[in-house]
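Participant: Could you have a look at this structure, given as structure tokens, before my questions?
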Amino acid sequence: MMSEKSAEQRPTLEQTISLGHRRLHPLLRDSYYLSLIERRKRFAEAVKQVPGNSLRVLDVGGRIQPYRPLLDGRLEAYIAVDLQRTELVDVLAVGERLPFAEGVFDVVLCSQMLCYAEDAPKVIDEIYSVLRPGGALLLSVPAILPYHAENDRWRFSPGALRLLLSRFSRVDVSPEGYSLLGACHVVAHFVDSFGENTLLQRLVHFTLIPLINLVGKRFDNWSRPDTSLSNSFFAFARK
Ligand SMILES: C[S@@+](CC[C@H](N)C(=O)[O-])C[C@H]1O[C@@H](n2cnc3c(N)ncnc32)[C@H](O)[C@@H]1O
């Protein structure tokens, strides 16, 4: 049972929506800016490829739902599963055991969650099962990203993604940015750790990080098509 303390700490609906908004529209001073702007592009392109205007969507790891607004006006249902509770979570469960019948969803979103799973192949098996034939999985996974938590367990190359998704009938894997963007993101992440909660960190947020982000965004095309340092990969897979 959740303690009173942790219940108090649970973010309000407004705070969670605002966090999602900041992931969809990150500030230039955000050390995740480069990753997030690329991820938004991939999700926005992918949802355009999904037909239909009354979609049943499942978000696995859907505590924050940054990409839900991209489906506005096209939803019959949007169900969020997560092992952490927020006001946006409908079902408290793990991706390794999705409590739904076979083939009930048109679309599954799974963004930056698979790296935390104890059993990533099992999560993909469960997603495959709950998707209807022809349904789509929109999956974003980290490849080169500083690890940041004890349960941050896995990184995925394009080859690993194709292997995990080999049961799907069509799989398109694309990088979320090329190598220069990836390198800049890692540097931004590193300098962000300078002097936690100090004047130095504020200074870094308003000077160095925006500068690194601008360089990564402006010049990433120079590193194209190299993806060896890409931070994350995106997969669009059809059942
Ligand atoms: C980095 S957050 C990503 C949130 C959001 N999808 C996004 O893209 O911003 C990862 C989420 O996955 C959830 N998560 C981690 N392991 C999980 C599991 N095995 N089953 C379900 N959710 C899990 C975490 O609680 C967290 O909310």
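By order of appearance in the structure tokens: chains A, B, ..., then residues from 1 within every chain, and ligands from 1 in the order shown.
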Give me, as a PyMOL selection string, the set of residues whose atoms come within 6 Å of any atom of ligand 1, counting only C-alpha atoms and all ligand atoms.
Facilitator: chain A and resi 60-66+82-84+94-95+111-113+116-117
Participant: Would you list the contacts of stretch 178-186 of chain A as JSON, numbers by chain, taking every protein, DNA or RNA residue within 6 Å and counting only C-alpha atoms, but skipping same-chain residues closer than 4 positions in sequence?
Facilitator: {"A": [216, 220, 223, 224, 226, 227, 229, 230, 231]}
Participant: Rounded to one decimal place, report the atom CA of A:Arg238-atom CA of A:Ser169 distance in Å.
Facilitator: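 Interatomic distance, atom CA of A:Arg238 to atom CA of A:Ser169: 5.8 Å.
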Participant: Mind the document's chain letters and residue numbers, and return as a tab-separated table (two decimals) with N, CA and C atoms, in the first residue's frame the residues of stretch 64-162 of chain A that DSSP labels strand (DSSP E).
Facilitator:
chain	number	residue	atom	x	y	z
A	75	LEU	N	-9.16	9.86	-31.25
A	75	LEU	CA	-9.15	8.80	-30.23
A	75	LEU	C	-10.54	8.30	-29.87
A	76	GLU	N	-10.67	6.97	-29.85
A	76	GLU	CA	-11.87	6.40	-29.20
A	76	GLU	C	-11.52	6.14	-27.73
A	77	ALA	N	-10.29	5.67	-27.51
A	77	ALA	CA	-9.84	5.41	-26.13
A	77	ALA	C	-8.33	5.55	-26.06
A	78	TYR	N	-7.86	6.04	-24.92
A	78	TYR	CA	-6.41	6.14	-24.67
A	78	TYR	C	-6.16	5.58	-23.28
A	79	ILE	N	-5.55	4.41	-23.24
A	79	ILE	CA	-5.34	3.72	-21.97
A	79	ILE	C	-3.85	3.75	-21.63
A	80	ALA	N	-3.53	4.21	-20.43
A	80	ALA	CA	-2.13	4.27	-20.00
A	80	ALA	C	-1.86	3.23	-18.94
A	81	VAL	N	-0.82	2.43	-19.19
A	81	VAL	CA	-0.35	1.45	-18.22
A	81	VAL	C	1.01	1.91	-17.71
A	82	ASP	N	1.22	1.84	-16.41
A	82	ASP	CA	2.53	2.16	-15.86
A	82	ASP	C	2.65	1.48	-14.51
A	91	VAL	N	-4.19	2.03	-15.65
A	91	VAL	CA	-3.99	0.67	-15.14
A	91	VAL	C	-2.58	0.56	-14.58
A	92	LEU	N	-2.51	0.20	-13.30
A	92	LEU	CA	-1.21	-0.01	-12.67
A	92	LEU	C	-0.77	-1.45	-12.99
A	105	PHE	N	-6.19	-3.35	-29.37
A	105	PHE	CA	-5.70	-1.99	-29.62
A	105	PHE	C	-5.28	-1.79	-31.08
A	106	ASP	N	-5.55	-0.58	-31.59
A	106	ASP	CA	-5.09	-0.23	-32.94
A	106	ASP	C	-3.64	0.24	-32.93
A	107	VAL	N	-3.28	0.89	-31.83
A	107	VAL	CA	-1.94	1.50	-31.73
A	107	VAL	C	-1.41	1.28	-30.32
A	108	VAL	N	-0.10	0.96	-30.25
A	108	VAL	CA	0.58	0.97	-28.94
A	108	VAL	C	1.73	1.96	-29.02
A	109	LEU	N	1.79	2.87	-28.04
A	109	LEU	CA	2.93	3.76	-27.89
A	109	LEU	C	3.78	3.22	-26.75
A	110	CYS	N	5.09	3.24	-26.97
A	110	CYS	CA	5.98	2.82	-25.89
A	110	CYS	C	7.25	3.67	-26.02
A	111	SER	N	7.33	4.71	-25.23
A	111	SER	CA	8.41	5.68	-25.39
A	111	SER	C	9.34	5.66	-24.19
A	131	LEU	N	-2.14	-5.95	-29.76
A	131	LEU	CA	-2.40	-5.21	-31.00
A	131	LEU	C	-3.30	-6.03	-31.91
A	132	ARG	N	-4.20	-5.34	-32.62
A	132	ARG	CA	-5.00	-6.06	-33.63
A	132	ARG	C	-4.10	-6.33	-34.85
A	133	PRO	N	-4.45	-7.31	-35.69
A	133	PRO	CA	-3.68	-7.51	-36.93
A	133	PRO	C	-3.70	-6.21	-37.74
A	134	GLY	N	-2.56	-5.77	-38.20
A	134	GLY	CA	-2.46	-4.50	-38.93
A	134	GLY	C	-2.23	-3.30	-38.01
A	135	GLY	N	-2.36	-3.51	-36.71
A	135	GLY	CA	-2.13	-2.43	-35.74
A	135	GLY	C	-0.67	-2.02	-35.71
A	136	ALA	N	-0.42	-0.84	-35.12
A	136	ALA	CA	0.94	-0.27	-35.18
A	136	ALA	C	1.54	-0.05	-33.80
A	137	LEU	N	2.83	-0.36	-33.72
A	137	LEU	CA	3.61	-0.04	-32.52
A	137	LEU	C	4.54	1.12	-32.84
A	138	LEU	N	4.49	2.16	-32.01
A	138	LEU	CA	5.40	3.30	-32.12
A	138	LEU	C	6.31	3.25	-30.91
A	139	LEU	N	7.58	2.91	-31.16
A	139	LEU	CA	8.50	2.57	-30.07
A	139	LEU	C	9.75	3.45	-30.11
A	140	SER	N	10.06	4.08	-28.99
A	140	SER	CA	11.30	4.86	-28.89
A	140	SER	C	12.16	4.26	-27.79
A	141	VAL	N	13.44	4.00	-28.13
A	141	VAL	CA	14.33	3.37	-27.14
A	141	VAL	C	15.69	4.08	-27.14
A	142	PRO	N	16.35	4.14	-25.97
A	142	PRO	CA	17.67	4.76	-25.93
A	142	PRO	C	18.76	3.83	-26.46
Participant: Taking only C-alpha atoms into account, name the residue in A:Leu24, A:Leu34, A:Asp90, A:Cys115 that is nearest to A:Leu70.
Facilitator: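 With only C-alpha atoms as the atom set, the closest residue is A:Leu24.
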Participant: What is the distance between atom CA of A:Pro26 and atom CA of A:Glu150, in Å to one decimal?
Facilitator: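 It comes out at 25.3 Å.
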Participant: How many Å separate atom CA of A:Val173 from atom CA of A:Leu161?
Facilitator: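 Separating atom CA of A:Val173 from atom CA of A:Leu161 is a distance of 7.7 Å.
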Participant: Nearest residue to A:Leu165 out of A:Ala143, A:Ile124, A:Leu200, A:Ala188, using only C-alpha atoms?
Facilitator: A:Ile124
Participant: Which of these residues is nearest to A:Asp119, using only C-alpha atoms: A:Leu71, A:His25, A:His205, A:Arg153?
Facilitator: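 The answer is A:Arg153, which sits nearest to A:Asp119.
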Participant: When DSSP works through the backbone of this structure, what residues of stretch 18-212 of chain A end up as helix (DSSP H, G or I), shown as a PyMOL selection string?
Facilitator: chain A and resi 18-24+33-49+68-71+114-116+120-130+158-164+179-192+199-206+208-212
Participant: Neighbouring residues of stretch 191-193 of chain A were defined as those with any atom within 9 Å, considering only C-alpha atoms; residues of the same chain fewer than 4 positions away were excluded. Please report them as a count of residues only.
Facilitator: 9
Participant: Ranking A:Tyr147, A:Ser174, A:Lys48, A:Glu126 by minimum distance to A:Gly159 and counting only C-alpha atoms, which one comes first?
Facilitator: A:Ser174
Participant: Between A:Gln9, A:Ser232, A:Thr16, A:Asn53, which one has atoms that come closest to A:Trp154, using only C-alpha atoms?
Facilitator: A:Ser232
